[in-house]
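Peer 1: Just dropping this structure here.
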Amino acid sequence: MADQNTPSFSNPLIDRFFLSPQERADKEKGKAIVKAFYQQQTSNDNLSYFKGRNARWIELLLWAKGSQPMKEFLDYMNVSDGNKAYVNIDMTQQRIAAQFVGTLVESMSKNSIYPCVRAIDNGSLSEKEDRMLSALFRMHEVETINQLQQQTGIQLEPTNAYVPDDELSATVHFKLEDRLPKEIRFEERIAKVLNDIHFERVLNRKTIYDLTVLNLGATKIEKLKDGEYTVRRCVPTNMVYNFFINDTGDCEITMIGEFYNLKVKDYRAKYGKSESNPDGLSEKQIFDLAKQSTNKNVGVFNFMWNDSWALTSFNQNRPYDDFSILVFDCEVNCGEDVYHVSKKDAFGKDNIQQKKNIPYQQKTKDGIVEQPKPDNVSIIKNQRNVWMRGVYAPYGGVMLYWGKPDIIITPYTDVYKPLSSYTINIPNNDGEYVPSLFERGMEVLREYTLTKLKRKQLIASLVPHGIRIDVESARNLDLGSGDTIAWEEVVKIYKQTGHELWSSKGVDPLQPAMPPLSNSIQDTSIQKVIELTNVLQGIINEIRQLIGVPQYRDGSDVGDRTSGVLQEQQNIQSFNVTDFVPNGNMQLWEETCYKLCLLYWNDVVKEEPESKDDLINTRFQTTVKMKSTDYEIQQLERDIDRYSQMPDAQGNPSITLKDAMFLREIDDAKLARWYL
């Protein structure tokens with residue numbers, strides 16, 4: 001919705017392009033943009049994409065951890081409550097979904113991921129080529145170099161200079177192992193950030209889990225202090241963004257934000273009025289926001305305002321400090337028109353100057369007055385994109401912050417196309433809701449749960465096996481010798497021996513007598529339980545096919561005689577179903593590491609003097625690489641063992657210990673086999 005000062009037909013999300021930096025910094029205009037963005041994503045109408053998405057995602061998260069609600073299955077059992085049925089039913093959630101999700105996440109997290117920074121500018125590429133040519137020269141002229149060094153007594157080459165054995169070894173070394181000092185420097189900085197956030201053991205698994213269950217992964221770069229940054233994983237259910245159709249949203253995302261709750265004490269320290277923030281919120285405003293946020297979330301806020309809480313001398317903890325306030329934090333890409341005036345000088349060269357306002361226009365009380373433009377002058381209009389950060393308290397309608405974000409990420413010297421601190425990835429995105437890998441099996445998981453409940457119902461209703469006793473024929477048996485056997489004793493004889501004792505003569509000799517004991521109707525419950533167990537196994541196999549988790553991948557049921565090669569092949573083929581998840585995760589972290597590299601590059605160029613590395617003209621390509629899988633390592637080890645035992649023409653092993661150690665250090669499995 002538009003602000004009160006804005007015409008009713010105006011849309012702040014469309015009119016977010018400004019004429020000047022002063023207009024862009026207007027807090028009221030920023031509030032109108034952020035408020036419209038918030039209301040668009042949280043409206044209660046049927047067209048709200050994010051409300052429908054979150055409802056679906058919350059259901060998926062509950063199923064993925066085995067905490068799904070079971071009431072939806074009561075109708076299928078013809079009962080209203082499992083505890084009020086004639087036969088009590090165990091309504092404990094089945095957690096087979098959690099097992100499959102855990103298998104997927106762990107299997108995709110086993111491979112180590114590390115950042116790799118390569119300089120791709122012409123100067124760096126030429127330097128790399130010169131280093132390789134120098135190494136090849138040392139290889140071919142090693143004797144000549146040694147003779148010259150002995151004759152002159154001068155060290156012509158560094159003592160630790162690399163001397164390859166052949167051209168292939170040199171190609172492998174300079175393609176993978178060799179790094180320029182500036183490349184090593186930036187790699188170490190990015191690796192330090194990933195190490196500080198426990199990337200390999202924590203954050204990498206978190207983003208893989210998000211992509212597996214929800215099909216969305218997001219990160220945000222935050223500034224700790226000058227020259228130091230960290231990366232935070234964003235909660236997918238809290239994320240909102242504008243429409244885009246690429247997987248990464250690169251160059252398409254213009255508005256992105258997230259919701260989160262802040263404790264009142266943290267809220268006060270960040271946005272409260274203080275000496276460093278004289279325009280911050282008063283304590284009474286913070287109190288009202290905490291009250292409204294609690295009431296909106298159906299909570300209880302039983303506090304009345306006390307004027308003493310507003311005093312700066314109040315040193316005690318306020319009773320509502322542990323309550324939370326909802327915050328909407330977003331970044332909006334706002335355009336700004338930039339005008340330049342081009343004029344020919346006396347030598348015929350273009351003299352271009354930037355103008356703060358529209359050239360040859362003057363604002364007056366009566367309106368805009370056009371001024372005559374000289375013939376030799378041309379006006380150049382460009383548009384510069386600027387990311388603005390807005391922090392909004394929706395329950396209270398208070399704009400907490402509107403201005404530039406803490407970090408500004410520009411692709412080297414291209415200041416007109418800055419990047420957002422958020423990075424997002426939605427595999428197979430087409431602009432609409434895309435079901436996740438885990439969601440493919442939801443229908444079958446429900447079928448599994450219902451079948452298991454039916455089996456529980458059958459097991460709970462099983463009756464003990466017994467016999468049918470005819471009370472009309474049951475009597476003491478007269479054996480003809482004066483001895484009788486009580487009919488209760490006859491039942492014991494039948495149960496222990498299987499022999500049925502009865503007299504063909506009844507009380508009335510003229511009436512045919514029936515045996516007092518006979519088998520009851522056969523109970524088929526056990527057979528039904530066995531059939532349902534087989535159905536459950538078939539459902540599990542269907543789940544495995546849908547989400548790509550064969551038995552060999554989770555090791556739940558591997559036969560003793562199963563071929564190891566067959567296990568490995570089926571395990572590898574199963575990754576064809578799931579590989580889009582680790583690919584999306586690698587793309588997410590590759591873009592995040594690229595932004596970290598840009599931030600460090602800007603810091604170095606601004607703060608450090610020009611050096612021989614020529615960093616101001618250096619351009620880096622940041623990638624995220626994955627080390628060899630277990631299967632590839634096993635293949636390489638088998639090849640090393642085979643060729644180590646194979647003699648060459650001189651009778652020596654084809655592969656020495658040094659060669660084997662070098663091969664194991666090559667992370668690229670294909671290149672290692674090629675070198676082998």
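Simple scheme: letters A, B, ... for chains in structure tokens order, numbers from 1 for residues in each chain, numbers from 1 for ligands in the order shown.
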Please identify all polymer residues within 6 Å of Met255 (chain A), counting only C-alpha atoms, omitting same-chain residues fewer than 5 positions from it, and present them as a PDB file with N, CA and C atoms, in the first residue's frame.
Peer 2:
ATOM      1  N   TYR A 241      11.285 -12.762  -1.347  1.00  0.00           N
ATOM      2  CA  TYR A 241      12.072 -12.231  -2.460  1.00  0.00           C
ATOM      3  C   TYR A 241      11.132 -11.960  -3.617  1.00  0.00           C
ATOM      4  N   ASN A 242      11.632 -11.212  -4.596  1.00  0.00           N
ATOM      5  CA  ASN A 242      10.818 -10.924  -5.768  1.00  0.00           C
ATOM      6  C   ASN A 242      10.879 -12.087  -6.762  1.00  0.00           C
ATOM      7  N   GLU A 331      16.791  -5.934   1.748  1.00  0.00           N
ATOM      8  CA  GLU A 331      17.623  -5.129   0.865  1.00  0.00           C
ATOM      9  C   GLU A 331      16.861  -4.903  -0.434  1.00  0.00           C
ATOM     10  N   VAL A 332      16.844  -3.670  -0.891  1.00  0.00           N
ATOM     11  CA  VAL A 332      16.095  -3.284  -2.085  1.00  0.00           C
ATOM     12  C   VAL A 332      17.066  -2.604  -3.050  1.00  0.00           C
TER      13      VAL A 332
END
Peer 1: Calculate how many Å separate CA of Met388 (chain A) from CA of Asp603 (chain A), rounding to one decimal.
Peer 2: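 Pair CA of Met388 (chain A) / CA of Asp603 (chain A) returns 20.6 Å.
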Peer 1: Taking into account only C-alpha atoms, which residue in the set A:Gln551, A:Thr592, A:Asn246, A:Asn534 is nearest to Val193 (chain A)?
Peer 2: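 Between A:Gln551, A:Thr592, A:Asn246, A:Asn534, the residue approaching Val193 (chain A) most closely is A:Thr592.
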Peer 1: Using only C-alpha atoms, find each residue of region 202-231 of chain A with at least one atom at most 12 Å away from an atom of region 62-66 of chain A; report its shortest atom-to-atom pair and that distance in Å (one decimal), sort the rows by chain and rising residue number, and return the result as a Markdown table.
Peer 2:
| residue | atom | partner | partner_atom | distance |
| --- | --- | --- | --- | --- |
| A:Tyr209 | CA | A:Ala64 | CA | 9.8 |
| A:Asp210 | CA | A:Ala64 | CA | 10.8 |
| A:Thr212 | CA | A:Ala64 | CA | 9.9 |
| A:Val213 | CA | A:Ala64 | CA | 7.2 |
| A:Leu214 | CA | A:Ala64 | CA | 10.1 |
Peer 1: Looking at A:Ala290, A:Met586, A:Ile547, A:Cys251, which one is nearest to Asp321 (chain A), with distances taken over only C-alpha atoms?
Peer 2: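 That would be A:Ala290, the residue with the smallest distance to Asp321 (chain A).
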